[in-house]
Each structure stands twice: as structure tokens, then as C-alpha cells.
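**Q** Sharing run.cif, mmCIF, C-alpha atoms:
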data_target
#
loop_
_atom_site.label_atom_id
_atom_site.label_comp_id
_atom_site.auth_asym_id
_atom_site.auth_seq_id
_atom_site.Cartn_x
_atom_site.Cartn_y
_atom_site.Cartn_z
CA MET A 15 12.23 15.57 -5.33
CA THR A 16 15.31 17.72 -5.73
CA GLN A 17 15.97 19.14 -9.15
CA ASN A 18 19.59 17.99 -9.02
CA SER A 19 18.68 14.30 -8.62
CA PRO A 20 19.56 12.35 -11.79
CA MET A 21 16.54 10.71 -13.38
CA THR A 22 17.23 7.55 -15.32
CA GLY A 23 13.78 6.46 -16.39
CA VAL A 24 13.87 7.74 -19.96
CA ALA A 25 17.26 6.21 -20.74
CA ASN A 26 16.39 2.91 -19.06
CA GLY A 27 13.05 2.79 -20.80
CA GLU A 28 14.69 3.07 -24.20
CA MET A 29 17.30 0.42 -23.41
CA TRP A 30 15.03 -2.15 -21.79
CA GLY A 31 12.20 -1.65 -24.26
CA HIS A 32 14.30 -2.01 -27.40
CA ARG A 33 13.26 -5.65 -27.90
CA ALA A 34 10.27 -5.87 -25.60
CA GLN A 35 8.57 -8.77 -27.37
CA ASP A 36 11.72 -10.89 -27.22
CA TRP A 37 12.14 -10.04 -23.54
CA ALA A 38 8.58 -11.15 -22.78
CA LYS A 39 8.77 -14.27 -24.94
CA TYR A 40 12.24 -15.60 -24.16
CA GLN A 41 13.90 -13.88 -21.19
CA GLU A 42 11.42 -12.80 -18.53
CA ALA A 43 10.68 -16.38 -17.45
CA SER A 44 14.35 -16.88 -16.58
CA ILE A 45 13.63 -15.42 -13.14
CA ALA A 46 10.14 -16.86 -12.68
CA PRO A 47 11.36 -18.93 -9.68
CA VAL A 48 12.44 -15.66 -8.04
CA PHE A 49 8.99 -14.16 -8.54
CA ASP A 50 7.41 -17.28 -7.02
CA ALA A 51 9.77 -17.33 -4.04
CA VAL A 52 9.20 -13.66 -3.20
CA LEU A 53 5.42 -13.91 -3.44
CA ASP A 54 5.52 -17.02 -1.25
CA HIS A 55 7.85 -15.57 1.39
CA THR A 56 5.81 -12.38 1.66
CA GLY A 57 2.46 -14.18 1.92
CA VAL A 58 0.73 -12.50 -1.00
CA SER A 59 -2.95 -13.40 -0.88
CA GLU A 60 -6.47 -12.08 -1.48
CA GLY A 61 -6.51 -8.30 -1.19
CA THR A 62 -2.76 -7.69 -0.87
CA ARG A 63 -2.04 -4.26 -2.31
CA TYR A 64 0.98 -5.03 -4.45
CA LEU A 65 3.32 -2.74 -6.42
CA ASP A 66 6.10 -4.07 -8.66
CA ILE A 67 8.59 -1.35 -9.61
CA GLY A 68 10.58 -2.13 -12.73
CA CYS A 69 7.78 -4.56 -13.55
CA GLY A 70 8.90 -5.31 -17.10
CA ALA A 71 6.34 -7.26 -19.10
CA GLY A 72 4.31 -8.04 -15.99
CA MET A 73 5.01 -11.69 -15.18
CA ALA A 74 5.42 -11.10 -11.44
CA ALA A 75 2.30 -8.94 -11.44
CA ALA A 76 0.32 -11.68 -13.17
CA LYS A 77 1.49 -14.24 -10.63
CA ALA A 78 0.49 -11.95 -7.76
CA SER A 79 -2.90 -11.31 -9.36
CA ALA A 80 -3.50 -15.06 -9.58
CA LEU A 81 -2.99 -15.20 -5.80
CA GLY A 82 -5.67 -12.54 -5.29
CA ALA A 83 -3.50 -9.42 -4.99
CA VAL A 84 -4.64 -5.99 -6.17
CA VAL A 85 -1.85 -5.33 -8.64
CA THR A 86 -0.04 -2.18 -9.75
CA GLY A 87 3.10 -2.05 -11.87
CA LEU A 88 5.55 0.64 -12.95
CA ASP A 89 8.30 0.50 -15.53
CA ALA A 90 10.36 2.99 -17.51
CA SER A 91 9.59 1.23 -20.81
CA SER A 92 6.27 1.98 -22.47
CA ALA A 93 6.79 -1.04 -24.76
CA LEU A 94 7.06 -3.40 -21.79
CA ILE A 95 4.13 -1.73 -20.03
CA ASP A 96 1.99 -2.26 -23.13
CA ILE A 97 2.72 -5.99 -22.95
CA ALA A 98 2.03 -6.12 -19.21
CA GLN A 99 -1.29 -4.34 -19.65
CA SER A 100 -2.32 -6.70 -22.45
CA ARG A 101 -1.52 -9.68 -20.23
CA LEU A 102 -3.39 -8.28 -17.23
CA PRO A 103 -6.03 -5.79 -18.41
CA ALA A 104 -7.56 -5.26 -14.96
CA ALA A 105 -4.28 -4.17 -13.35
CA ALA A 106 -2.98 -0.61 -13.17
CA PHE A 107 0.29 -0.24 -15.07
CA HIS A 108 2.22 3.02 -15.34
CA VAL A 109 5.21 4.32 -17.26
CA GLY A 110 7.42 6.23 -14.87
CA ASP A 111 10.63 6.71 -12.91
CA LEU A 112 11.60 4.94 -9.69
CA GLN A 113 12.46 8.28 -8.13
CA GLU A 114 9.01 9.77 -8.69
CA LEU A 115 6.34 7.16 -7.98
CA PRO A 116 2.90 8.41 -9.05
CA PHE A 117 1.10 6.93 -6.04
CA ALA A 118 -0.37 8.25 -2.82
CA ASP A 119 1.34 7.81 0.54
CA GLY A 120 0.74 4.46 2.22
CA SER A 121 -0.87 2.84 -0.84
CA PHE A 122 0.75 -0.61 -0.78
CA ASP A 123 1.31 -3.58 1.52
CA LEU A 124 4.16 -4.96 -0.60
CA VAL A 125 6.59 -3.34 -3.03
CA THR A 126 8.95 -5.55 -5.06
CA SER A 127 12.00 -4.71 -7.12
CA PHE A 128 13.53 -7.40 -9.29
CA ASN A 129 16.96 -6.12 -10.41
CA ALA A 130 15.66 -2.56 -10.62
CA ILE A 131 15.88 -0.10 -7.73
CA GLN A 132 19.65 -0.43 -7.26
CA TYR A 133 20.14 1.11 -10.72
CA ALA A 134 18.13 4.28 -10.07
CA GLY A 135 20.00 7.50 -10.73
CA ASP A 136 19.57 8.38 -7.06
CA VAL A 137 19.09 5.18 -5.05
CA ALA A 138 18.42 7.00 -1.77
CA GLU A 139 15.62 8.95 -3.39
CA ALA A 140 14.13 5.80 -4.93
CA LEU A 141 14.15 4.04 -1.55
CA SER A 142 12.58 7.13 0.00
CA GLU A 143 9.77 6.94 -2.54
CA VAL A 144 9.17 3.28 -1.65
CA LYS A 145 9.00 4.24 2.03
CA ARG A 146 6.44 6.90 1.19
CA VAL A 147 4.07 4.60 -0.71
CA LEU A 148 4.32 1.67 1.73
CA ALA A 149 1.57 1.31 4.31
CA PRO A 150 2.51 0.90 7.98
CA GLY A 151 3.82 -2.63 8.43
CA GLY A 152 4.41 -2.96 4.70
CA THR A 153 7.28 -4.92 3.16
CA ILE A 154 9.82 -4.22 0.45
CA ALA A 155 11.43 -7.15 -1.38
CA ILE A 156 14.54 -6.47 -3.44
CA ALA A 157 15.99 -9.18 -5.66
CA THR A 158 19.47 -8.93 -7.15
CA TRP A 159 22.12 -11.24 -8.56
CA GLY A 160 23.50 -13.90 -6.27
CA ASN A 161 27.18 -14.63 -5.71
CA PRO A 162 28.79 -14.65 -9.19
CA ASP A 163 31.60 -17.04 -8.24
CA GLY A 164 31.08 -20.14 -10.34
CA MET A 165 27.69 -18.97 -11.61
CA GLU A 166 27.20 -19.92 -15.24
CA ALA A 167 24.79 -17.06 -15.97
CA ALA A 168 27.31 -14.57 -14.58
CA GLU A 169 29.82 -15.76 -17.15
CA VAL A 170 27.25 -15.38 -19.92
CA VAL A 171 26.02 -11.88 -19.05
CA THR A 172 29.52 -10.48 -18.50
CA VAL A 173 30.69 -11.62 -21.94
CA LEU A 174 29.59 -8.24 -23.31
CA LYS A 175 32.01 -6.32 -21.11
CA PRO A 176 34.64 -5.92 -23.89
CA LEU A 177 31.97 -4.32 -26.10
CA LEU A 178 31.07 -1.66 -23.52
CA PRO A 179 32.93 1.44 -22.33
CA PRO A 180 34.51 1.32 -18.88
CA PRO A 181 31.92 2.10 -16.18
CA PRO A 182 32.16 5.44 -14.37
CA PRO A 183 34.28 5.45 -11.20
CA ASN A 184 32.45 3.93 -8.24
CA ALA A 185 29.53 2.83 -10.42
CA PRO A 186 27.79 -0.22 -8.91
CA GLY A 187 28.24 -3.32 -11.03
CA PRO A 188 25.54 -5.97 -11.46
CA PHE A 189 26.97 -7.99 -8.55
CA ALA A 190 27.50 -5.10 -6.12
CA LEU A 191 24.76 -6.38 -3.79
CA SER A 192 25.50 -10.10 -4.08
CA ASP A 193 26.75 -10.38 -0.48
CA ASP A 194 24.18 -10.90 2.29
CA GLU A 195 25.48 -8.17 4.57
CA VAL A 196 25.97 -5.66 1.77
CA LEU A 197 22.39 -6.22 0.67
CA ARG A 198 21.12 -5.84 4.24
CA GLN A 199 23.06 -2.60 4.61
CA PHE A 200 21.63 -1.35 1.32
CA VAL A 201 18.06 -1.43 2.62
CA GLU A 202 18.99 -0.37 6.16
CA ASN A 203 20.69 2.74 4.79
CA GLY A 204 17.31 3.60 3.29
CA GLY A 205 15.56 3.42 6.66
CA PHE A 206 14.29 -0.16 6.48
CA GLU A 207 14.82 -3.12 8.82
CA ALA A 208 15.90 -6.25 6.98
CA PHE A 209 14.28 -9.37 8.41
CA ASP A 210 15.24 -12.03 5.88
CA VAL A 211 17.83 -12.66 3.17
CA PHE A 212 17.64 -15.79 1.04
CA ASP A 213 18.95 -17.22 -2.23
CA VAL A 214 16.91 -18.59 -5.13
CA ASP A 215 18.23 -20.89 -7.84
CA SER A 216 16.73 -19.82 -11.14
CA PRO A 217 18.28 -21.73 -14.10
CA TRP A 218 17.97 -20.13 -17.51
CA SER A 219 16.50 -22.37 -20.20
CA TYR A 220 15.76 -21.83 -23.87
CA PRO A 221 14.30 -24.26 -26.43
CA ASP A 222 17.13 -23.63 -28.90
CA GLU A 223 20.04 -21.33 -29.75
CA PRO A 224 17.97 -18.71 -31.67
CA ALA A 225 15.67 -18.31 -28.66
CA ALA A 226 18.65 -17.91 -26.33
CA ILE A 227 20.28 -15.34 -28.60
CA ALA A 228 17.01 -13.39 -28.88
CA GLY A 229 16.40 -13.44 -25.14
CA LEU A 230 19.91 -12.40 -24.18
CA ALA A 231 19.91 -9.60 -26.76
CA ALA A 232 16.74 -8.16 -25.23
CA SER A 233 18.39 -6.84 -22.06
CA GLY A 234 19.24 -3.20 -21.47
CA VAL A 235 22.94 -4.02 -21.26
CA ALA A 236 22.75 -5.77 -24.62
CA ALA A 237 20.96 -2.75 -26.08
CA LYS A 238 23.85 -0.53 -25.07
CA ALA A 239 26.39 -2.96 -26.52
CA ILE A 240 24.40 -3.19 -29.76
CA SER A 241 24.38 0.60 -30.08
CA LEU A 242 28.17 0.65 -29.81
CA ALA A 243 29.34 -2.56 -31.47
CA GLY A 244 26.39 -3.74 -33.56
CA LYS A 245 24.03 -6.66 -33.13
CA ASP A 246 26.24 -9.13 -34.99
CA ALA A 247 29.03 -8.62 -32.47
CA VAL A 248 26.64 -8.99 -29.54
CA ASP A 249 25.04 -12.12 -30.98
CA GLU A 250 28.44 -13.68 -31.65
CA ALA A 251 29.59 -12.96 -28.10
CA HIS A 252 26.46 -14.58 -26.72
CA ARG A 253 26.73 -17.53 -29.13
CA SER A 254 30.24 -18.28 -27.91
CA ALA A 255 29.23 -17.90 -24.26
CA ILE A 256 26.30 -20.31 -24.44
CA ALA A 257 28.03 -22.94 -26.57
CA PRO A 258 29.12 -25.05 -23.54
CA TYR A 259 25.51 -25.22 -22.35
CA ARG A 260 23.92 -26.69 -25.47
CA LYS A 261 22.18 -30.00 -24.78
CA ALA A 262 21.97 -32.95 -27.16
CA ASP A 263 18.44 -31.99 -28.20
CA GLY A 264 19.46 -28.38 -28.94
CA ARG A 265 18.18 -26.79 -25.72
CA ILE A 266 20.34 -24.21 -23.97
CA GLU A 267 20.41 -24.42 -20.17
CA PHE A 268 22.72 -22.94 -17.56
CA GLY A 269 22.62 -22.13 -13.88
CA ALA A 270 21.74 -18.80 -12.28
CA ALA A 271 21.11 -17.67 -8.72
CA PHE A 272 19.57 -14.58 -7.17
CA LYS A 273 19.56 -13.05 -3.71
CA VAL A 274 16.52 -11.48 -2.07
CA VAL A 275 16.21 -9.20 0.96
CA LEU A 276 12.90 -8.61 2.72
CA ALA A 277 12.58 -5.50 4.87
CA ARG A 278 10.05 -3.39 6.77
CA LEU A 279 10.05 0.27 7.68
CA SER A 280 12.42 0.98 10.53
CA THR A 281 10.79 1.94 13.83
CA GLU A 282 13.77 4.05 14.92
#
Can you present the structure in this file as C-alpha cells?

**A**
Amino acid sequence: MTQNSPMTGVANGEMWGHRAQDWAKYQEASIAPVFDAVLDHTGVSEGTRYLDIGCGAGMAAAKASALGAVVTGLDASSALIDIAQSRLPAAAFHVGDLQELPFADGSFDLVTSFNAIQYAGDVAEALSEVKRVLAPGGTIAIATWGNPDGMEAAEVVTVLKPLLPPPPPNAPGPFALSDDEVLRQFVENGGFEAFDVFDVDSPWSYPDEPAAIAGLAASGVAAKAISLAGKDAVDEAHRSAIAPYRKADGRIEFGAAFKVVLARLSTE
């Protein structure tokens, strides 16, 4: 690792761990269908050596373990790792940075990244680390937001934009990889060969408005907005955004979609 490479683990750990219990209770399940689809498409089964980077509170890891995988997880947030470890005591969970994976070369058959690796301070270095820890013939699965056009969740999560400072020039936005070819190129630039790209519908559902507000406020983006504008402003923005999606019984439900690329190490 070069000393000039920006490390983002500490900052991301603080942001994404600021409301870890709410994330685990209300928000993590919003992409459970994505976890299921990736584990199905990659054939996770008994003995699969599986690493989830940016593992959060460990839901994907728990699903993989139930299929027989030997599970390892890494996240920048110690608070989220504590929850993951409590859910899956036999698994190996680590606090760390995507650019400095604390694992031996060729340790894993599958590495997954659910809305994580593309936000590393040095994406090329993070992809290089994944290449290093993958075994020959291993697979990387990267999930990101789907096409935002007409997506209800995209409208909800971008409602905080007025509360945040302008992003740095050329900074990748949350939907930077939402095009099939762009996502393919992303992994191919890192020395992988993409062999599948697919979309997963993953509607977000909450039992009531307080649960929705708590879940949405648990994200790293919300943490940054809260630090600048205060929680009341963030909650009010979310409350207005979800109002059209309140059902007669009080539930909050709206559509979301994600895009996944599967890739292997390039033979070139």
C-alpha cells in the first residue's frame, strides 16, 4: 500500500456506525433480496470461503452461513461489527479498511461488496486487495444502485442533497455505476472479467413512519447531514419524502432496484 493512498475507513466507520442498532433493526433488510440473489447466482454452498467487505451488521454473512459457507466479514464500523458478531458468533468479523484487507493471499472463493467498494478512498487499490485475497477461479460480486430514473427510493435518498455541501469535483455519486456497461468497465479496469450483470428489485418496507425515519436516519449520508443541519431537519426531509408512500394501515413502502456485476480474475 502506498502511503499517499487516501484511507477512508475511519471516517466511514464513524458515519455508518452512528446509529448501528437502527441500521440493523430497520434498514439492513431493505436490500435482503439483493443478498439472496447474489448468493444464489454465485452458488454459495457448503464450504464456500466467503468474504463480505463492508458487511455492516452481518445479514448477508448470516445468510451465507445458513447455506454452509465459511464466513468472514469486514467493516469500517466497530459498532456494526459488534452486532454482526453477536448475530453470528462462529464467524470471523474484522474492523478494517477496504484498501488494507487483513487476509492472506488466495483466501476466499467469493468476495461481495454491497454498496461499499466504489466508495473507497482509492478504488483501484481496494480492487487490487480483492484480487489478492481471491483464490484462483474466485468471484467478486459488486452490488450498487440501479437506474435511478423513476425509482422511488432514489427520490427518497436524494432528498438530503440540499442539507449537504456540494460534492468535490469528479466525485462519484451514488448512481455513478447504475449503467450496465459502466459497471462492467469498473470491474474490468481492476483486472477482472465481468461475466454477468443483473438487476434486483428490492422494495423498502417499514411497519410505520417512526421505523422508516429511524432506518433512513441510520445511513452514513444521513449522519453527515445530521452533523451539518441537525437531526430535526433530516427527519423532516425524510418525513416529507416518504409521505406519498404511506399505506392505509400506516406501513411505508416504496420501490428500489439494485444492479449487480459478477466477475472473475482476468486471464490476460

**Q** List as a list in words the residues having at least one atom at most 7 Å from position (6.7, 2.9, -20.1) as given in the file, counting only C-alpha atoms.

**A**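 All residues meeting the 7 Å criterion around (6.7, 2.9, -20.1) are Gly27, Asp89, Ala90, Ser91, Ser92, Ala93, Leu94, Ile95, His108, Val109 and Gly110 of chain A.
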
**Q** Apply the PyMOL selection byres ((chain A and resi 66-72) around 6) to the file shown and report the selected residues as a ChimeraX atom specification.

**A** /A:38,65,73-75,87-89,94,97-98,125-127,130

**Q** How many Å separate CA of Asn203 (chain A) from CA of Asp163 (chain A)?

**A**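 Between CA of Asn203 (chain A) and CA of Asp163 (chain A) the gap works out to 26.1 Å.
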
**Q** Quick one: 4 Å padding each side, axis-aligned, all listed atoms of region 67-72 of chain A - centre and edge lengths in Å to one decimal, as lines of an AutoDock Vina configuration file?

**A**
center_x = 7.4
center_y = -4.7
center_z = -14.4
size_x = 14.3
size_y = 14.7
size_z = 17.5

**Q** Under the rule that only C-alpha atoms are counted, which of A:Ala239, A:Val214, A:Ala138, A:Val275 is the nearest residue to Val173 (chain A)?

**A**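 Between A:Ala239, A:Val214, A:Ala138, A:Val275, the residue approaching Val173 (chain A) most closely is A:Ala239.
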
**Q** Tell me which residues the PyMOL selection byres ((chain A and resi 165) around 12) grabs here, as a PyMOL selection string.

**A** chain A and resi 159-164+166-172+189+192+215-218+268-272

**Q** Next, dump the selected residues to file, keeping only C-alpha atoms, as an mmCIF file, in the coordinates of the input.

**A**
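selection-v4.cif was written with the following content:
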data_model
loop_
_atom_site.group_PDB
_atom_site.id
_atom_site.type_symbol
_atom_site.label_atom_id
_atom_site.label_comp_id
_atom_site.auth_asym_id
_atom_site.auth_seq_id
_atom_site.Cartn_x
_atom_site.Cartn_y
_atom_site.Cartn_z
ATOM 1 C CA TRP A 159 22.120 -11.240 -8.560
ATOM 2 C CA GLY A 160 23.500 -13.900 -6.270
ATOM 3 C CA ASN A 161 27.180 -14.630 -5.710
ATOM 4 C CA PRO A 162 28.790 -14.650 -9.190
ATOM 5 C CA ASP A 163 31.600 -17.040 -8.240
ATOM 6 C CA GLY A 164 31.080 -20.140 -10.340
ATOM 7 C CA GLU A 166 27.200 -19.920 -15.240
ATOM 8 C CA ALA A 167 24.790 -17.060 -15.970
ATOM 9 C CA ALA A 168 27.310 -14.570 -14.580
ATOM 10 C CA GLU A 169 29.820 -15.760 -17.150
ATOM 11 C CA VAL A 170 27.250 -15.380 -19.920
ATOM 12 C CA VAL A 171 26.020 -11.880 -19.050
ATOM 13 C CA THR A 172 29.520 -10.480 -18.500
ATOM 14 C CA PHE A 189 26.970 -7.990 -8.550
ATOM 15 C CA SER A 192 25.500 -10.100 -4.080
ATOM 16 C CA ASP A 215 18.230 -20.890 -7.840
ATOM 17 C CA SER A 216 16.730 -19.820 -11.140
ATOM 18 C CA PRO A 217 18.280 -21.730 -14.100
ATOM 19 C CA TRP A 218 17.970 -20.130 -17.510
ATOM 20 C CA PHE A 268 22.720 -22.940 -17.560
ATOM 21 C CA GLY A 269 22.620 -22.130 -13.880
ATOM 22 C CA ALA A 270 21.740 -18.800 -12.280
ATOM 23 C CA ALA A 271 21.110 -17.670 -8.720
ATOM 24 C CA PHE A 272 19.570 -14.580 -7.170
#

**Q** If I take CA of Phe122 (chain A) and CA of Ala106 (chain A), how far is one from the other in Å, to one decimal?

**A**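 Separation between CA of Phe122 (chain A) and CA of Ala106 (chain A): 12.9 Å.
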
**Q** Write out as a PDB file with C-alpha atoms, keeping the file's coordinate frame the residues lying within 9 Å of Asp210 (chain A), counting all atoms listed in the file and excluding same-chain residues fewer than 5 positions away.

**A**
ATOM      1  CA  ARG A 198      21.120  -5.840   4.240  1.00  0.00           C
ATOM      2  CA  VAL A 274      16.520 -11.480  -2.070  1.00  0.00           C
ATOM      3  CA  VAL A 275      16.210  -9.200   0.960  1.00  0.00           C
ATOM      4  CA  LEU A 276      12.900  -8.610   2.720  1.00  0.00           C
ATOM      5  CA  ALA A 277      12.580  -5.500   4.870  1.00  0.00           C
TER       6      ALA A 277
END
